[in-house]
Amino acid sequence: MSGRTEGGATERKHSKLAALSLFAALFIFLLTLPASAASVDDQFRSWLQSDLWPEAKAKGISRKTFDEAFIGVKPNLKLPDLVMPGEKPTTPEKQHQAEFGPPGAYFAEKTVRAVTAGGRTRDSANARVLGLIEKRYGVPGEVLLAIWGRETGFGAAKMPYDAFEVLGTKALMSTKKDFFRTEVLAALEIVERGLAPVNAMKSSWAGALGQPQFMPTSFLKHAVDFDGDGRPDIWNSTPDVLASIANYLVHYGWVRGRGWGTEVIVPAKVSCSLEGPDQGKKIADWVAMGIRRADNKAFQASELKAEGFLLMPAGRSGPAFIVTPNFYVLKQYNTSDLYALFIGHAADRIARGDATFTANWGPVGDLHRSDIAALQRALEAKGYDVGSADGLPGFKTRRSIGDWQAKNGRAATCFPDAALVAALK
């Protein structure tokens with residue numbers, strides 16, 4: 001009996017250690033299971049309290065603010081670009097943002113005209129404010145109106161999401177966790193500083209706020225009080241909305257007195273692989289290469305001396321442009337060539353009347369995003385710089401395609417297509 005008692009105590013100790021080890025292993029296993037096999041809600045609440053709250057507290061966020069922001073908030077698993085616990089990120093077939101779809105579709109006349117017609121109406125209604133903003137910041141009113149119209153239909157678009165739900169979900173399980181962690185902490189700071197109440201923090205599916213669609217960090221850096229009521233209000237104050245957009249552009253280097261660019265005709269002898277913000281030339285040098293304005297007007301003498309960049313967002317299958325540094329400032333608002341081009345084009349039409357591009361958009365942009373990512377990886381394996389194998393055909397991908405085509409005896413189109421994907425596999 002005595003032997004059994006002594007042995008029994010040893011066995012219970014070993015059993016307890018084994019149980020603890022099993023529990024720890026089970027906990028780790030549950031965390032790594034796909035979302036359907038474990039409670040993502042519970043993981044979210046645990047992450048909020050044990051991970052996000054300590055950092056928020058260290059940054060001066062009160063417990064009251066933190067709890068109010070996340071009361072009743074659960075992760076929204078319907079948001080795009082999420083990686084469920086236990087799963088690995090993959091390149092989706094489709095892209096949710098219109099900026100990365102077919103170039104021609106992005107410039108549908110109905111879409112552009114809604115911005116330009118609305119912009120002209122609001123240009124008259126806000127002429128005094130726009131004049132004061134341009135005097136202070138140097139950004140033309142039509143540019144501000146184009147952004148305002150594109151982002152939220154001049155404030156008419158409703159923001160259906162709770163910003164803390166979106167930002168919290170993405171900070172835990174998006175493909176850009178660090179980015180959204182910074183943003184959710186900035187959103188908490190907005191509330192903590194009394195710049196907006198929790199119930200005003202409505203956002204897009206990406207977590208952008210207000211009529212100019214600022215991410216929370218952008219709000220803290222760029223939003224201004226232009227109507228003089230003591231706080232920047234990008235939700236309800238038109239002067240604050242427009243001035244905040246102007247301030248944002250100035251902070252990213254808007255050059256007073258220069259436009260964004262102009263459509264041009266690029267002769268076949270000029271390679272489409274010369275595109276990009278790192279391959280600028282004096283506009284006079286582009287002209288010497290045979291590039292001319294599509295409207296057949298001459299470049300101004302002051303512009304000929306200034307730097308310009310070749311832009312061919314659909315390669316040889318669409319309009320071409322010589323753009324200024326201001327184009328790349330517009331691109332800071334949304335990192336898409338098509339977005340920046342839309343804003344510049346719409347601004348021109350608000351100021352000077354509706355006129356479409358001279359060249360047509362060709363039938364491109366029908367590949368899945370995953371197909372383009374595969375093409376990018378194949379080019380990277382051959383030593384080409386595509387920027388990132390993310391399935392989005394940015395300028396580095398476009399010009400790498402053109403370089404590869406030229407080196408392999410093909411006509412340089414500088415845009416991905418099905419035949420190219422097959423050839424590079």
# chains A, B, ... in the order shown; residues from 1 in each chain; ligands from 1
>>> closest_atom_pairs(of="region 391-410 of chain A", to="region 250-273 of chain A", cutoff="10 Å", atoms="only C-alpha atoms", output="JSON lines")
{"residue": "A:Phe395", "atom": "CA", "partner": "A:Ser273", "partner_atom": "CA", "distance": 8.7}
{"residue": "A:Lys396", "atom": "CA", "partner": "A:Ser273", "partner_atom": "CA", "distance": 8.8}
{"residue": "A:Thr397", "atom": "CA", "partner": "A:Ser273", "partner_atom": "CA", "distance": 9.6}
{"residue": "A:Arg398", "atom": "CA", "partner": "A:Ser273", "partner_atom": "CA", "distance": 7.2}
{"residue": "A:Arg399", "atom": "CA", "partner": "A:Ser273", "partner_atom": "CA", "distance": 4.0}
{"residue": "A:Ser400", "atom": "CA", "partner": "A:Ser273", "partner_atom": "CA", "distance": 6.9}
{"residue": "A:Ile401", "atom": "CA", "partner": "A:Ser273", "partner_atom": "CA", "distance": 7.9}
{"residue": "A:Gly402", "atom": "CA", "partner": "A:Ser273", "partner_atom": "CA", "distance": 5.4}
{"residue": "A:Asp403", "atom": "CA", "partner": "A:Ser273", "partner_atom": "CA", "distance": 6.2}
{"residue": "A:Trp404", "atom": "CA", "partner": "A:Ser273", "partner_atom": "CA", "distance": 9.7}
{"residue": "A:Ala406", "atom": "CA", "partner": "A:Ser271", "partner_atom": "CA", "distance": 9.2}
>>> write_last_selection(atoms="N, CA, C and O atoms", output="CSV table (one decimal), in the first residue's frame")
chain,number,residue,atom,x,y,z
A,395,PHE,N,4.0,50.8,-62.6
A,395,PHE,CA,4.9,51.2,-63.6
A,395,PHE,C,6.1,50.3,-63.7
A,395,PHE,O,6.7,50.1,-64.8
A,396,LYS,N,6.6,49.8,-62.6
A,396,LYS,CA,7.8,49.0,-62.6
A,396,LYS,C,7.5,47.6,-63.3
A,396,LYS,O,8.4,47.1,-64.1
A,397,THR,N,6.3,47.1,-63.1
A,397,THR,CA,5.9,45.9,-63.8
A,397,THR,C,5.7,46.2,-65.3
A,397,THR,O,6.2,45.4,-66.1
A,398,ARG,N,5.1,47.3,-65.6
A,398,ARG,CA,4.8,47.6,-67.0
A,398,ARG,C,6.1,47.8,-67.8
A,398,ARG,O,6.3,47.2,-68.9
A,399,ARG,N,7.1,48.5,-67.2
A,399,ARG,CA,8.3,48.7,-68.0
A,399,ARG,C,9.2,47.5,-68.0
A,399,ARG,O,9.9,47.3,-69.0
A,400,SER,N,9.1,46.7,-67.0
A,400,SER,CA,9.9,45.4,-67.0
A,400,SER,C,9.3,44.5,-68.1
A,400,SER,O,10.1,43.8,-68.8
A,401,ILE,N,8.0,44.5,-68.3
A,401,ILE,CA,7.4,43.7,-69.4
A,401,ILE,C,7.9,44.2,-70.7
A,401,ILE,O,8.3,43.4,-71.6
A,402,GLY,N,7.9,45.6,-70.9
A,402,GLY,CA,8.4,46.1,-72.1
A,402,GLY,C,9.9,45.8,-72.4
A,402,GLY,O,10.3,45.4,-73.5
A,403,ASP,N,10.7,45.8,-71.3
A,403,ASP,CA,12.1,45.4,-71.5
A,403,ASP,C,12.3,44.0,-71.9
A,403,ASP,O,13.0,43.6,-72.8
A,404,TRP,N,11.5,43.1,-71.2
A,404,TRP,CA,11.6,41.6,-71.5
A,404,TRP,C,11.1,41.4,-73.0
A,404,TRP,O,11.7,40.6,-73.7
A,406,ALA,N,11.2,43.4,-75.6
A,406,ALA,CA,12.1,43.9,-76.5
A,406,ALA,C,13.3,43.0,-76.6
A,406,ALA,O,13.9,42.7,-77.7
>>> select_by_dssp(residues="region 189-302 of chain A", states="alpha helix (DSSP H)", output="number ranges by chain")
A: 189-192, 216-222, 238-251, 283-288, 301-302
>>> residues_around(residues="Pro103 (chain A)", least_positions_apart="2", cutoff="9 Å", atoms="only C-alpha atoms", output="ChimeraX atom specification")
/A:99-101,105-107,313-314,318,338,361-365
>>> write_last_selection(atoms="C-alpha atoms", output="short mmCIF file (atom, residue, chain, number, x, y, z; two decimals), in the first residue's frame")
data_model
loop_
_atom_site.label_atom_id
_atom_site.label_comp_id
_atom_site.auth_asym_id
_atom_site.auth_seq_id
_atom_site.Cartn_x
_atom_site.Cartn_y
_atom_site.Cartn_z
CA GLU A 99 -8.10 51.44 -59.24
CA PHE A 100 -6.59 48.07 -60.09
CA GLY A 101 -9.18 46.88 -62.58
CA ALA A 105 -13.51 50.88 -67.14
CA TYR A 106 -12.09 53.25 -64.55
CA PHE A 107 -12.73 56.18 -66.89
CA PRO A 313 -0.95 53.29 -67.59
CA ALA A 314 -2.15 50.76 -70.17
CA GLY A 318 -4.17 53.32 -74.10
CA LEU A 338 -5.28 55.47 -62.58
CA TRP A 361 -8.36 52.56 -73.97
CA GLY A 362 -7.66 49.16 -75.48
CA PRO A 363 -9.07 45.80 -74.32
CA VAL A 364 -6.67 45.20 -71.44
CA GLY A 365 -7.05 44.42 -67.77
#
>>> residues_around(residues="region 310-312 of chain A", least_positions_apart="2", cutoff="8 Å", atoms="only C-alpha atoms", output="list of chain:residue names")
A:Cys272, A:Leu274, A:Glu275, A:Gly276, A:Pro277, A:Gln279, A:Gly280, A:Gly308, A:Ala314, A:Gly315, A:Arg316, A:Gly318, A:Pro319, A:Ala320, A:Phe321, A:Ile322, A:Val323
>>> atom_distance(atom1="CA of Glu55 (chain A)", atom2="CA of Glu189 (chain A)")
12.0 Å
>>> residues_around(residues="Leu379 (chain A)", least_positions_apart="3", cutoff="10 Å", atoms="only C-alpha atoms", output="list in words")
Ala373, Ala374, Leu375, Gln376, Lys382, Gly383, Tyr384, Asp385, Val386, Ala389, Thr397, Ser400, Ile401, Trp404, Leu424 and Lys425 of chain A
>>> residues_around(residues="region 199-203 of chain A", least_positions_apart="2", cutoff="6 Å", atoms="only C-alpha atoms", output="number ranges by chain")
A: 159, 161-163, 197, 207-209
>>> write_last_selection(atoms="N, CA, C and O atoms", output="mmCIF file, in the first residue's frame")
data_model
loop_
_atom_site.group_PDB
_atom_site.id
_atom_site.type_symbol
_atom_site.label_atom_id
_atom_site.label_comp_id
_atom_site.auth_asym_id
_atom_site.auth_seq_id
_atom_site.Cartn_x
_atom_site.Cartn_y
_atom_site.Cartn_z
ATOM 1 N N MET A 159 -20.791 56.270 -45.005
ATOM 2 C CA MET A 159 -19.747 55.387 -44.510
ATOM 3 C C MET A 159 -20.416 54.316 -43.638
ATOM 4 O O MET A 159 -20.848 54.599 -42.518
ATOM 5 N N TYR A 161 -19.350 51.512 -42.149
ATOM 6 C CA TYR A 161 -18.620 50.674 -41.203
ATOM 7 C C TYR A 161 -18.232 51.427 -39.936
ATOM 8 O O TYR A 161 -18.029 52.645 -39.962
ATOM 9 N N ASP A 162 -18.120 50.689 -38.848
ATOM 10 C CA ASP A 162 -17.526 51.212 -37.622
ATOM 11 C C ASP A 162 -16.009 51.181 -37.813
ATOM 12 O O ASP A 162 -15.431 50.123 -38.064
ATOM 13 N N ALA A 163 -15.375 52.325 -37.668
ATOM 14 C CA ALA A 163 -13.936 52.398 -37.934
ATOM 15 C C ALA A 163 -13.144 51.464 -37.019
ATOM 16 O O ALA A 163 -12.155 50.851 -37.446
ATOM 17 N N PRO A 197 -16.126 62.204 -31.555
ATOM 18 C CA PRO A 197 -16.628 61.189 -30.628
ATOM 19 C C PRO A 197 -16.604 59.807 -31.267
ATOM 20 O O PRO A 197 -16.523 59.679 -32.493
ATOM 21 N N GLY A 207 -11.212 51.573 -43.680
ATOM 22 C CA GLY A 207 -10.960 52.329 -42.464
ATOM 23 C C GLY A 207 -10.750 53.812 -42.663
ATOM 24 O O GLY A 207 -10.322 54.502 -41.738
ATOM 25 N N ALA A 208 -11.051 54.337 -43.864
ATOM 26 C CA ALA A 208 -10.856 55.760 -44.149
ATOM 27 C C ALA A 208 -12.040 56.569 -43.625
ATOM 28 O O ALA A 208 -13.187 56.134 -43.679
ATOM 29 N N LEU A 209 -11.750 57.784 -43.156
ATOM 30 C CA LEU A 209 -12.723 58.599 -42.432
ATOM 31 C C LEU A 209 -13.163 59.830 -43.203
ATOM 32 O O LEU A 209 -12.385 60.440 -43.936
#
>>> residues_around(residues="Val115 (chain A)", least_positions_apart="4", cutoff="12 Å", atoms="only C-alpha atoms", output="ChimeraX atom specification")
/A:107-111,119-123,142-156,342-350,354
>>> closest_residue(among="A:Pro325, A:Pro216, A:Gly353, A:Pro393", to="Ser370 (chain A)", atoms="only C-alpha atoms")
A:Pro393
>>> atom_distance(atom1="CA of Arg63 (chain A)", atom2="CA of Met173 (chain A)")
23.5 Å
>>> atom_distance(atom1="CA of Lys297 (chain A)", atom2="CA of Asn326 (chain A)")
20.8 Å
>>> select_by_dssp(residues="region 173-354 of chain A", states="strand (DSSP E)", output="list in words")
Lys202, Ser203, Gly261, Thr262, Glu263, Val264, Ile265, Lys281, Lys282, Arg292, Arg293, Glu307, Gly308, Phe309, Leu310, Leu311, Ala320, Phe321, Ile322 and Val323 of chain A
